[in-house]
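Step one of this worksheet: look at the structure below.
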Amino acid sequence: MRTQNLLLWALRILAALIMLQTLYFKFTAQPESVQLFTMLGMEPWGRIGTGVLELIASILLLIPRTTLPGAILGAGLMSGALFFHFTALGIYFGGDATLFVYALIVLICCLLLIIVYRKQIPALLKLKF
């Protein structure tokens with residue numbers, strides 16, 4: 001049980017740290033980030049909106065009671081990122097595959113967390129907003 005708990009925390013922290021470290025580039029309008037979202041036709045609202053959603057997903061992942069919604073949001077965001085890498089940006093954006101690999105790692109972490117916490121999905125669907 002302790003090993004599983006450590007593994008789950010490792011998945012949460014890894015996914016959150018990767019998403020959080022990219023926020024600096026998005027929120028400070030670094031040239032690479034602006035170029036990326038300009039290529040997608042989503043500058044500046046896509047860059048800032050994606051950054052806000054990644055911040056929310058990271059926070060949710062790190063709170064044990066909200067890990068599942070954070071993982072679902074993170075998986076959705078990274079699925080979108082990978083879609084754009086495969087269709088518009090290419091795997092080697094800016095000369096290397098770092099952004100692609102980061103998106104893939106976060107997606108895998110989030111999918112594993114969704115699988116582990118899947119029994120909470122019915123309770124999540126019953127929430128009324």
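Residue numbers start at 1 in each chain; chains themselves are named A, B, ... in the order of the structure tokens; ligands are numbered from 1 in the order shown.
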Tell me, counting only C-alpha atoms, for each residue of stretch 66-100 of chain A within 9 Å of stretch 12-24 of chain A, which pair of atoms is nearest and how far apart they are in Å to one decimal, in rows ordered by chain and increasing number, as a Markdown table.
```
| residue | atom | partner | partner_atom | distance |
| --- | --- | --- | --- | --- |
| A:Thr67 | CA | A:Arg12 | CA | 7.8 |
| A:Ala71 | CA | A:Arg12 | CA | 8.3 |
| A:Gly74 | CA | A:Ala15 | CA | 8.1 |
```
Can I get the selected residues back with C-alpha atoms, as a short mmCIF file (atom, residue, chain, number, x, y, z; two decimals), in the first residue's frame?
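File written: out25.cif
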```
data_model
loop_
_atom_site.label_atom_id
_atom_site.label_comp_id
_atom_site.auth_asym_id
_atom_site.auth_seq_id
_atom_site.Cartn_x
_atom_site.Cartn_y
_atom_site.Cartn_z
CA THR A 67 -6.89 14.30 -8.19
CA ALA A 71 -6.14 14.22 -14.12
CA GLY A 74 -4.65 17.44 -17.60
#
```
Nearby residues (only C-alpha atoms) at most 7 Å from A:Ser58, same-chain spacing under 2 positions excluded, as a PDB file with C-alpha atoms, in the first residue's frame:
```pdb
ATOM      1  CA  ALA A  16       1.955  19.061 -12.007  1.00  0.00           C
ATOM      2  CA  MET A  19       2.639  21.838 -16.379  1.00  0.00           C
ATOM      3  CA  LEU A  20       3.674  24.436 -13.791  1.00  0.00           C
ATOM      4  CA  GLU A  54      -2.820  24.047 -16.747  1.00  0.00           C
ATOM      5  CA  LEU A  55      -2.497  25.942 -13.469  1.00  0.00           C
ATOM      6  CA  ILE A  56      -5.940  24.718 -12.375  1.00  0.00           C
ATOM      7  CA  LEU A  60      -6.266  19.877  -8.599  1.00  0.00           C
ATOM      8  CA  LEU A  61      -3.712  17.092  -9.110  1.00  0.00           C
ATOM      9  CA  LEU A  62      -1.881  18.002  -5.920  1.00  0.00           C
ATOM     10  CA  GLY A  70      -7.216  17.339 -12.253  1.00  0.00           C
TER      11      GLY A  70
END
```
*asked:* When you look at stretch 46-49 of chain A with a cut-off of 9 Å (counting only C-alpha atoms), what residues show up, excluding the ones that are within fewer than 3 positions of it in the same chain? I need them as a list in words.
replied: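 Result of the neighbour search: Leu23, Lys26, Phe27, Ala29, Ser33, Val34, Leu36, Phe37, Leu40, Gly41, Met42, Glu43, Val52, Leu53 and Glu54 of chain A.
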Take the residues from that selection and put them in a file with C-alpha atoms, as a PDB file, in the first residue's frame.
```pdb
ATOM      1  CA  LEU A  23       3.529  28.600 -17.121  1.00  0.00           C
ATOM      2  CA  LYS A  26       3.098  31.288 -21.309  1.00  0.00           C
ATOM      3  CA  PHE A  27       2.394  34.039 -18.784  1.00  0.00           C
ATOM      4  CA  ALA A  29       4.904  35.933 -23.338  1.00  0.00           C
ATOM      5  CA  SER A  33       5.462  30.459 -26.603  1.00  0.00           C
ATOM      6  CA  VAL A  34       4.134  33.394 -28.621  1.00  0.00           C
ATOM      7  CA  LEU A  36       3.858  28.470 -31.009  1.00  0.00           C
ATOM      8  CA  PHE A  37       0.423  29.933 -30.338  1.00  0.00           C
ATOM      9  CA  LEU A  40      -1.916  27.791 -34.153  1.00  0.00           C
ATOM     10  CA  GLY A  41      -3.824  31.050 -34.629  1.00  0.00           C
ATOM     11  CA  MET A  42      -4.488  31.214 -30.893  1.00  0.00           C
ATOM     12  CA  GLU A  43      -2.272  34.071 -29.724  1.00  0.00           C
ATOM     13  CA  VAL A  52      -4.778  29.154 -16.673  1.00  0.00           C
ATOM     14  CA  LEU A  53      -6.226  25.687 -17.324  1.00  0.00           C
ATOM     15  CA  GLU A  54      -2.820  24.047 -16.747  1.00  0.00           C
TER      16      GLU A  54
END
```
Computed gap from atom CA of A:Thr28 to atom CA of A:Pro69 is 27.0 Å
Between A:Ala57, A:Ala75, A:Leu89, A:Ala81, smallest distance to A:Cys109 by only C-alpha atoms belongs to A:Ala75
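Each of A:Leu113, A:Val106, A:Leu127, A:Thr98 was compared to A:Gln4 using only C-alpha atoms, and A:Leu113 turns out to be the nearest.
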- Item | Top pick for closest residue to A:Thr50, considering A:Leu124, A:Val116, A:Leu77, A:Leu104 and counting only C-alpha atoms |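 Counting only C-alpha atoms, the residue closest to A:Thr50 is A:Leu77.
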Using only C-alpha atoms, the shortest atom-to-atom distance to A:Met78 among A:Pro64, A:Ile59, A:Ile105, A:Asp96 belongs to A:Ile105
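Computed from the coordinates, the atom CA of A:Pro122 to atom CA of A:Gly51 distance equals 28.4 Å.
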Using DSSP on the backbone, list every residue of stretch 63-99 of chain A that comes out as alpha helix (DSSP H), and give them as a list in words. Thr67, Leu68, Pro69, Gly70, Ala71, Ile72, Leu73, Gly74, Ala75, Gly76, Leu77, Met78, Ser79, Gly80, Ala81, Leu82, Phe83, Phe84, Thr98 and Leu99 of chain A
Selection from above, C-alpha atoms, as an mmCIF file, in the first residue's frame, can you write it?
```
data_model
loop_
_atom_site.group_PDB
_atom_site.id
_atom_site.type_symbol
_atom_site.label_atom_id
_atom_site.label_comp_id
_atom_site.auth_asym_id
_atom_site.auth_seq_id
_atom_site.Cartn_x
_atom_site.Cartn_y
_atom_site.Cartn_z
ATOM 1 C CA THR A 67 -6.892 14.297 -8.189
ATOM 2 C CA LEU A 68 -9.416 12.738 -10.579
ATOM 3 C CA PRO A 69 -10.793 16.041 -11.969
ATOM 4 C CA GLY A 70 -7.216 17.339 -12.253
ATOM 5 C CA ALA A 71 -6.140 14.223 -14.119
ATOM 6 C CA ILE A 72 -9.112 14.465 -16.483
ATOM 7 C CA LEU A 73 -8.379 18.137 -17.180
ATOM 8 C CA GLY A 74 -4.654 17.442 -17.595
ATOM 9 C CA ALA A 75 -5.308 14.539 -19.963
ATOM 10 C CA GLY A 76 -7.619 16.701 -22.051
ATOM 11 C CA LEU A 77 -5.110 19.531 -22.252
ATOM 12 C CA MET A 78 -2.242 17.227 -23.187
ATOM 13 C CA SER A 79 -4.371 15.418 -25.761
ATOM 14 C CA GLY A 80 -4.923 18.799 -27.386
ATOM 15 C CA ALA A 81 -1.224 19.618 -27.191
ATOM 16 C CA LEU A 82 -0.276 16.311 -28.807
ATOM 17 C CA PHE A 83 -2.946 16.787 -31.474
ATOM 18 C CA PHE A 84 -1.379 20.103 -32.449
ATOM 19 C CA THR A 98 11.034 18.658 -25.468
ATOM 20 C CA LEU A 99 7.501 20.069 -25.564
#
```
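One finds atom CA of A:Val101 at 16.1 Å from atom CA of A:Ala88.
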